[in-house]
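One structure is given here, and the rest of the page talks about it.
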Amino acid sequence: MSLKPLHGVRVLDLSRILAGPWCSQQLADMGAEVIKIEKPNEGDDTRRWGPPWLEHSQESAYYLSANRGKQSVTIDMAQPEGQALLHELVKQCDVVLENFKVGGLQKYQLDYASLSALKPDLIYCSITGFGQNGPYAQRAGYDFMIQGMGGLMSLTGRADSELGGGPVKVGVAFADIFTGLYAANAILAALFQRQQTGRGTQIDLALLDVQVGVLANQALNYLTSGQVPPRLGNAHPNIVPYQAFATQDGHLILAVGNDAQFQRFCAVAGCPTLASDARFLTNALRVDHRQALIPLLLPLLQQRTTEQWLAALESVGVPCGPINTLDQVFADPQVQHRQLEIQLPHPEAGQVKLVSNPIRFDDQALNATTAPPLLGQHTQQVLTEYLGLDAAQQAQLKIKGVI
């Protein structure tokens with residue numbers, strides 16, 4: 001594609017860690033120009049969250065996961081000269097993204113009220129743990145604790161009565177990543193709204209709000225019935241059989257989504273009488289009689305290898321799949337065909353491996369073409385091109401520790 005969807009949009013990114021950077025990476029992949037502001041000599045906290053580190057580089061894998069396509073500019077916002085630089089940059093940007101504590105940027109005059117006075121059509125997106133108001137507004141929020149507070153860990157893991165039972169967090173920063181995606185979505189809506197009205201807006205996103213928002217069917221299971229959903233391990237609360245089963249040599253995910261699929265599964269598994277059993281005729285009945293059905297299926301699934309089950313069930317259209325480790329994921333022919341592992345040039349390592357943006361326009365993935373930047377890599381360029389500062393002026397700012 002000649003021009004990406006967000007070509008011409010400029011984002012001043014004051015965020016760090018994951019939720020904010022995940023949002024701004026999404027915007028960068030879509031073509032926005034993202035200026036990532038970092039503290040001189042320190043930068044984003046995640047730069048130090050290793051090992052592992054990129055070979056021949058000081059960049060952590062964690063940092064690399066969320067900062068593709070950005071320009072790194074080092075400015076100390078705690079100094080008046082740094083604030084002045086940021087104020088001038090804001091005038092040339094469409095969006096400001098930040099994830100400081102509520103009120104944390106007011107003392108630097110980088111809050112929404114201060115910046116919207118400079119640029120009335122500014123879109124200002126704030127990401128916090130608990131939102132801009134409410135009894136928890138001043139608390140810091142982190143993904144792990146939000147997964148707990150927001151109910152996700154009450155749904156994840158085996159039942160307390162089972163061996164290994166207890167709450168478990170999701171293996172990636174679920175609340176952070178979803179908040180980043182919601183933030184990007186909200187910014188796109190605000191940009192569209194500004195086209196219609198000419199006005200900017202303040203976007204308030206909270207990790208806790210997002211975590212509760214993505215409880216989806218489980219939230220409605222509770223709100224509809226008044227019954228608190230239990231942890232079911234790998235089983236599904238509303239569909240049976242829809243879980244992981246041990247096979248002869250590993251595990252298989254069996255995802256029977258309707259009654260016809262259950263009948264076909266029973267035929268392949270050599271248990272046609274289960275398909276005609278009055279207790280298991282419909283999904284609703286199978287959910288009600290889960291405790292009777294699953295013990296009957298367990299020994300059947302252990303009679304064949306995972307590959308044998310995959311071949312047999314896929315041939316009759318019964319959804320199923322393996323549980324892959326990450327080396328198997330990136331070796332998978334479908335993953336390789338979709339080019340989900342990409343490489344970009346890196347100034348220190350030569351090349352850096354990254355994960356592709358899954359969005360495709362006209363059969364092309366939306367990926368920024370530059371690697372996550374080195375700390376301060378673009379400071380001189382941005383201050384020269386956008387603010388007109390010459391080398392002597394920049395040298396003085398560097399001596400003072402402003403940049």
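In the structure tokens, chains take letters A, B, ... by order of appearance, with residues numbered from 1 within each chain and ligands from 1 in the order shown.
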
Would you please give, as number ranges by chain, all residues of stretch 77-278 of chain A that DSSP assigns to alpha helix (DSSP H) based on the backbone?
A: 80-90, 112-118, 143-149, 152-155, 174-197, 207-213, 216-225, 259-269, 272-276

What lies within 9 Å of stretch 29-43 of chain A using only C-alpha atoms, ignoring chain neighbours under 6 positions off, as an MDAnalysis selection string?
chainID A and resid 3:16 21 67:77 86 357 365:369 375:376 378 382 401:403

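By only C-alpha atoms, and with residues fewer than 5 positions from A:Pro272 along its chain excluded, the set lying at most 12 Å from it is Phe262, Gln263, Arg264, Phe265, Cys266, Ala267, Asp277, Phe280 and Leu281 of chain A.
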
Filtering to N, CA, C and O atoms, could you give me those residues as a PDB file, in the first residue's frame?
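Generated file (again_17.pdb):
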ATOM      1  N   PHE A 262     -20.730 -33.095  17.820  1.00  0.00           N
ATOM      2  CA  PHE A 262     -20.629 -34.114  18.859  1.00  0.00           C
ATOM      3  C   PHE A 262     -20.959 -35.496  18.291  1.00  0.00           C
ATOM      4  O   PHE A 262     -20.303 -36.492  18.608  1.00  0.00           O
ATOM      5  N   GLN A 263     -21.951 -35.550  17.428  1.00  0.00           N
ATOM      6  CA  GLN A 263     -22.300 -36.832  16.822  1.00  0.00           C
ATOM      7  C   GLN A 263     -21.150 -37.363  15.964  1.00  0.00           C
ATOM      8  O   GLN A 263     -20.833 -38.558  16.012  1.00  0.00           O
ATOM      9  N   ARG A 264     -20.522 -36.463  15.197  1.00  0.00           N
ATOM     10  CA  ARG A 264     -19.399 -36.893  14.355  1.00  0.00           C
ATOM     11  C   ARG A 264     -18.204 -37.311  15.211  1.00  0.00           C
ATOM     12  O   ARG A 264     -17.494 -38.271  14.877  1.00  0.00           O
ATOM     13  N   PHE A 265     -17.976 -36.598  16.311  1.00  0.00           N
ATOM     14  CA  PHE A 265     -16.893 -36.993  17.215  1.00  0.00           C
ATOM     15  C   PHE A 265     -17.137 -38.397  17.753  1.00  0.00           C
ATOM     16  O   PHE A 265     -16.228 -39.246  17.769  1.00  0.00           O
ATOM     17  N   CYS A 266     -18.364 -38.668  18.190  1.00  0.00           N
ATOM     18  CA  CYS A 266     -18.665 -39.980  18.759  1.00  0.00           C
ATOM     19  C   CYS A 266     -18.479 -41.090  17.737  1.00  0.00           C
ATOM     20  O   CYS A 266     -18.005 -42.191  18.071  1.00  0.00           O
ATOM     21  N   ALA A 267     -18.826 -40.807  16.482  1.00  0.00           N
ATOM     22  CA  ALA A 267     -18.641 -41.812  15.436  1.00  0.00           C
ATOM     23  C   ALA A 267     -17.159 -42.124  15.251  1.00  0.00           C
ATOM     24  O   ALA A 267     -16.761 -43.300  15.163  1.00  0.00           O
ATOM     25  N   ASP A 277     -27.400 -40.987  23.680  1.00  0.00           N
ATOM     26  CA  ASP A 277     -27.749 -41.016  25.109  1.00  0.00           C
ATOM     27  C   ASP A 277     -28.606 -39.799  25.433  1.00  0.00           C
ATOM     28  O   ASP A 277     -28.258 -38.664  25.101  1.00  0.00           O
ATOM     29  N   PHE A 280     -27.060 -36.590  26.737  1.00  0.00           N
ATOM     30  CA  PHE A 280     -26.040 -35.864  25.986  1.00  0.00           C
ATOM     31  C   PHE A 280     -26.521 -35.406  24.605  1.00  0.00           C
ATOM     32  O   PHE A 280     -25.716 -35.024  23.761  1.00  0.00           O
ATOM     33  N   LEU A 281     -27.842 -35.424  24.384  1.00  0.00           N
ATOM     34  CA  LEU A 281     -28.360 -35.136  23.056  1.00  0.00           C
ATOM     35  C   LEU A 281     -28.098 -33.705  22.600  1.00  0.00           C
ATOM     36  O   LEU A 281     -27.892 -33.447  21.415  1.00  0.00           O
TER      37      LEU A 281
END

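Candidate residues A:Trp22, A:Ala206, A:Ile17, A:Gln109 were compared for distance to A:Arg47, and the nearest is A:Ile17, using only C-alpha atoms.
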
Give me the residues near A:Tyr63 as an MDAnalysis selection string, where near means some atom within 9 Å (using only C-alpha atoms) and where sequence neighbours in that chain fewer than 6 positions away do not count.
chainID A and resid 17:18 44:50 372

Any idea what's packed within 12 Å of A:Val228, counting only C-alpha atoms, ignoring anything in its chain fewer than 4 positions away? Could you give it as a PDB file with N, CA and C atoms, in the first residue's frame?
ATOM      1  N   GLY A 151     -11.330 -10.209  38.467  1.00  0.00           N
ATOM      2  CA  GLY A 151     -12.057 -11.463  38.356  1.00  0.00           C
ATOM      3  C   GLY A 151     -11.460 -12.513  37.452  1.00  0.00           C
ATOM      4  N   SER A 154     -10.088 -15.601  39.165  1.00  0.00           N
ATOM      5  CA  SER A 154     -11.103 -16.467  39.781  1.00  0.00           C
ATOM      6  C   SER A 154     -11.664 -17.461  38.776  1.00  0.00           C
ATOM      7  N   LEU A 155     -11.409 -17.198  37.474  1.00  0.00           N
ATOM      8  CA  LEU A 155     -11.914 -18.058  36.400  1.00  0.00           C
ATOM      9  C   LEU A 155     -10.823 -18.925  35.788  1.00  0.00           C
ATOM     10  N   GLN A 218     -18.492 -14.758  30.661  1.00  0.00           N
ATOM     11  CA  GLN A 218     -18.424 -15.118  32.073  1.00  0.00           C
ATOM     12  C   GLN A 218     -19.089 -14.055  32.940  1.00  0.00           C
ATOM     13  N   ALA A 219     -18.898 -12.778  32.589  1.00  0.00           N
ATOM     14  CA  ALA A 219     -19.589 -11.714  33.314  1.00  0.00           C
ATOM     15  C   ALA A 219     -21.097 -11.878  33.182  1.00  0.00           C
ATOM     16  N   LEU A 220     -21.548 -12.194  31.967  1.00  0.00           N
ATOM     17  CA  LEU A 220     -22.989 -12.352  31.755  1.00  0.00           C
ATOM     18  C   LEU A 220     -23.520 -13.627  32.377  1.00  0.00           C
ATOM     19  N   ASN A 221     -22.675 -14.660  32.464  1.00  0.00           N
ATOM     20  CA  ASN A 221     -23.103 -15.859  33.190  1.00  0.00           C
ATOM     21  C   ASN A 221     -23.468 -15.487  34.625  1.00  0.00           C
ATOM     22  N   TYR A 222     -22.643 -14.627  35.252  1.00  0.00           N
ATOM     23  CA  TYR A 222     -22.930 -14.202  36.627  1.00  0.00           C
ATOM     24  C   TYR A 222     -24.123 -13.248  36.680  1.00  0.00           C
ATOM     25  N   LEU A 223     -24.108 -12.211  35.819  1.00  0.00           N
ATOM     26  CA  LEU A 223     -25.174 -11.207  35.892  1.00  0.00           C
ATOM     27  C   LEU A 223     -26.539 -11.793  35.542  1.00  0.00           C
ATOM     28  N   THR A 224     -26.551 -12.810  34.694  1.00  0.00           N
ATOM     29  CA  THR A 224     -27.810 -13.429  34.290  1.00  0.00           C
ATOM     30  C   THR A 224     -28.351 -14.394  35.345  1.00  0.00           C
ATOM     31  N   PRO A 237     -17.310 -23.015  30.329  1.00  0.00           N
ATOM     32  CA  PRO A 237     -18.499 -22.974  31.185  1.00  0.00           C
ATOM     33  C   PRO A 237     -19.801 -23.222  30.453  1.00  0.00           C
TER      34      PRO A 237
END

A straight line from atom CA of A:Leu181 to atom CA of A:Gln196 spans 23.3 Å

Measuring between only C-alpha atoms, which one of A:Thr325, A:Thr247, A:Asn258, A:Asn234 shows the shortest distance to A:Leu297?
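Nearest to A:Leu297: A:Thr247.
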
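For the choices A:Leu115, A:Leu64, A:Ile294, A:Leu313, the atom-to-atom distance to A:Glu88 is smallest for A:Leu115 when using only C-alpha atoms.
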
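The two atoms in question, atom CA of A:Gln261 and atom CA of A:Pro319, are spaced 8.2 Å apart.
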
For a test of reading the model, state the distance in Å between atom CA of A:Gln26 and atom CA of A:Leu340, rounded to one decimal.
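Atom CA of A:Leu340 lies at a distance of 15.1 Å from atom CA of A:Gln26.
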
For A:Phe144: contacts at 12 Å, only C-alpha atoms, fewer than 5 positions along chain excluded, given as JSON, numbers by chain:
{"A": [129, 149, 150, 151, 152, 153, 167, 168, 169, 170, 171, 172, 173, 174, 175, 176, 207, 208, 211]}

Go ahead and dump the residues you just picked, all heavy atoms, as a CSV table (one decimal), in the first residue's frame.
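Just written: result-v3.csv:
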chain,number,residue,atom,x,y,z
A,129,GLY,N,-4.4,2.7,36.3
A,129,GLY,CA,-4.9,1.4,36.9
A,129,GLY,C,-6.4,1.4,37.1
A,129,GLY,O,-7.1,0.4,36.8
A,149,MET,N,-8.0,-8.6,40.8
A,149,MET,CA,-9.1,-7.7,41.3
A,149,MET,C,-10.3,-7.8,40.3
A,149,MET,O,-11.4,-7.7,40.7
A,149,MET,CB,-8.6,-6.3,41.4
A,149,MET,CG,-7.6,-6.1,42.6
A,149,MET,SD,-7.1,-4.3,42.7
A,149,MET,CE,-8.7,-3.6,43.3
A,150,GLY,N,-9.9,-7.9,39.0
A,150,GLY,CA,-11.0,-7.8,38.0
A,150,GLY,C,-11.6,-9.2,37.7
A,150,GLY,O,-12.4,-9.3,36.8
A,151,GLY,N,-11.3,-10.2,38.5
A,151,GLY,CA,-12.1,-11.5,38.4
A,151,GLY,C,-11.5,-12.5,37.5
A,151,GLY,O,-11.9,-13.7,37.5
A,152,LEU,N,-10.5,-12.1,36.6
A,152,LEU,CA,-10.0,-13.1,35.7
A,152,LEU,C,-9.3,-14.3,36.4
A,152,LEU,O,-9.5,-15.5,35.9
A,152,LEU,CB,-8.9,-12.5,34.7
A,152,LEU,CG,-8.4,-13.4,33.6
A,152,LEU,CD1,-9.5,-13.8,32.7
A,152,LEU,CD2,-7.3,-12.6,32.9
A,153,MET,N,-8.6,-14.1,37.4
A,153,MET,CA,-7.9,-15.2,38.1
A,153,MET,C,-8.9,-16.1,38.9
A,153,MET,O,-8.6,-17.3,39.2
A,153,MET,CB,-6.8,-14.7,39.1
A,153,MET,CG,-5.6,-14.1,38.3
A,153,MET,SD,-4.4,-13.4,39.3
A,153,MET,CE,-3.8,-14.8,40.3
A,167,PRO,N,-6.1,-20.2,42.0
A,167,PRO,CA,-6.2,-19.1,40.9
A,167,PRO,C,-4.8,-19.0,40.2
A,167,PRO,O,-3.8,-19.2,40.8
A,167,PRO,CB,-6.5,-17.8,41.7
A,167,PRO,CG,-6.0,-18.1,43.1
A,167,PRO,CD,-6.2,-19.6,43.3
A,168,VAL,N,-4.9,-18.7,38.9
A,168,VAL,CA,-3.7,-18.6,38.1
A,168,VAL,C,-3.9,-17.4,37.2
A,168,VAL,O,-4.9,-17.2,36.6
A,168,VAL,CB,-3.5,-19.9,37.2
A,168,VAL,CG1,-2.3,-19.8,36.3
A,168,VAL,CG2,-3.4,-21.1,38.1
A,169,LYS,N,-2.8,-16.7,37.0
A,169,LYS,CA,-2.8,-15.5,36.0
A,169,LYS,C,-2.6,-16.0,34.6
A,169,LYS,O,-2.0,-17.1,34.4
A,169,LYS,CB,-1.8,-14.5,36.4
A,169,LYS,CG,-0.3,-14.9,36.1
A,169,LYS,CD,0.6,-13.7,36.4
A,169,LYS,CE,2.0,-14.0,36.1
A,169,LYS,NZ,2.3,-14.2,34.6
A,170,VAL,N,-3.0,-15.3,33.7
A,170,VAL,CA,-2.8,-15.6,32.3
A,170,VAL,C,-1.3,-15.4,32.0
A,170,VAL,O,-0.7,-14.5,32.6
A,170,VAL,CB,-3.6,-14.7,31.4
A,170,VAL,CG1,-3.3,-14.9,29.9
A,170,VAL,CG2,-5.1,-14.9,31.6
A,171,GLY,N,-0.7,-16.1,31.1
A,171,GLY,CA,0.7,-16.2,30.9
A,171,GLY,C,1.3,-14.9,30.2
A,171,GLY,O,2.6,-14.8,30.1
A,172,VAL,N,0.5,-14.0,29.7
A,172,VAL,CA,1.0,-12.7,29.2
A,172,VAL,C,0.2,-11.7,30.0
A,172,VAL,O,-0.8,-11.9,30.6
A,172,VAL,CB,0.8,-12.6,27.7
A,172,VAL,CG1,1.7,-13.6,26.9
A,172,VAL,CG2,-0.7,-12.8,27.3
A,173,ALA,N,0.6,-10.4,29.8
A,173,ALA,CA,0.0,-9.3,30.5
A,173,ALA,C,-1.3,-8.9,29.9
A,173,ALA,O,-1.5,-7.9,29.2
A,173,ALA,CB,0.9,-8.1,30.6
A,174,PHE,N,-2.3,-9.8,30.2
A,174,PHE,CA,-3.6,-9.7,29.5
A,174,PHE,C,-4.3,-8.4,29.6
A,174,PHE,O,-4.7,-7.8,28.7
A,174,PHE,CB,-4.5,-10.8,30.2
A,174,PHE,CG,-5.8,-11.0,29.6
A,174,PHE,CD1,-6.1,-11.9,28.6
A,174,PHE,CD2,-6.9,-10.3,30.1
A,174,PHE,CE1,-7.4,-12.2,28.1
A,174,PHE,CE2,-8.2,-10.5,29.6
A,174,PHE,CZ,-8.4,-11.4,28.6
A,175,ALA,N,-4.3,-7.8,30.9
A,175,ALA,CA,-5.0,-6.5,31.1
A,175,ALA,C,-4.3,-5.4,30.4
A,175,ALA,O,-4.9,-4.5,29.8
A,175,ALA,CB,-5.2,-6.3,32.6
A,176,ASP,N,-3.0,-5.4,30.5
A,176,ASP,CA,-2.2,-4.4,29.8
A,176,ASP,C,-2.4,-4.4,28.3
A,176,ASP,O,-2.6,-3.3,27.7
A,176,ASP,CB,-0.7,-4.6,30.1
A,176,ASP,CG,-0.2,-4.0,31.4
A,176,ASP,OD1,-1.0,-3.1,31.9
A,176,ASP,OD2,0.8,-4.3,31.9
A,207,LEU,N,-7.1,0.1,33.6
A,207,LEU,CA,-6.9,-1.4,33.5
A,207,LEU,C,-8.0,-2.1,34.1
A,207,LEU,O,-8.5,-3.2,33.5
A,207,LEU,CB,-5.6,-1.7,34.2
A,207,LEU,CG,-4.3,-1.1,33.6
A,207,LEU,CD1,-3.1,-1.7,34.4
A,207,LEU,CD2,-4.1,-1.5,32.2
A,208,LEU,N,-8.5,-1.7,35.3
A,208,LEU,CA,-9.6,-2.4,35.9
A,208,LEU,C,-10.9,-2.4,35.1
A,208,LEU,O,-11.5,-3.5,34.9
A,208,LEU,CB,-9.9,-1.9,37.3
A,208,LEU,CG,-11.0,-2.6,38.1
A,208,LEU,CD1,-10.6,-4.1,38.4
A,208,LEU,CD2,-11.3,-1.9,39.4
A,211,GLN,N,-10.4,-4.9,32.3
A,211,GLN,CA,-10.4,-6.3,32.7
A,211,GLN,C,-11.8,-6.7,33.0
A,211,GLN,O,-12.2,-7.8,32.6
A,211,GLN,CB,-9.6,-6.4,34.0
A,211,GLN,CG,-9.6,-7.9,34.5
A,211,GLN,CD,-9.0,-8.9,33.5
A,211,GLN,OE1,-7.9,-9.1,33.4
A,211,GLN,NE2,-10.0,-9.5,32.8

Can you list, as a PyMOL selection string, all residues belonging to stretch 179-336 of chain A that DSSP tags as strand (DSSP E)?
chain A and resi 201-206+242-246+251-255+320-321

Surrounding residues of A:Ala391 excluding itself and chain neighbours under 5 positions, 12 Å, only C-alpha atoms, as a VMD selection string
chain A and resid 379 to 381 383 to 385 396 to 398

With only C-alpha atoms as the atoms that count, which of A:Pro345, A:Gly103, A:Gly200, A:Gly180 lies nearest to A:Gly20?
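Under the stated criterion, the closest residue is A:Gly180.
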
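With only C-alpha atoms as the basis for measurement, A:Leu301 is the residue among A:Leu301, A:Cys93, A:Ala183, A:Ala331 that approaches A:Gly250 most closely.
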
Nearest-residue call for A:Pro373, choices A:Ile323, A:Ile123, A:Ala66, A:Leu310, using only C-alpha atoms:
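For A:Pro373, the nearest of the candidates is A:Ala66.
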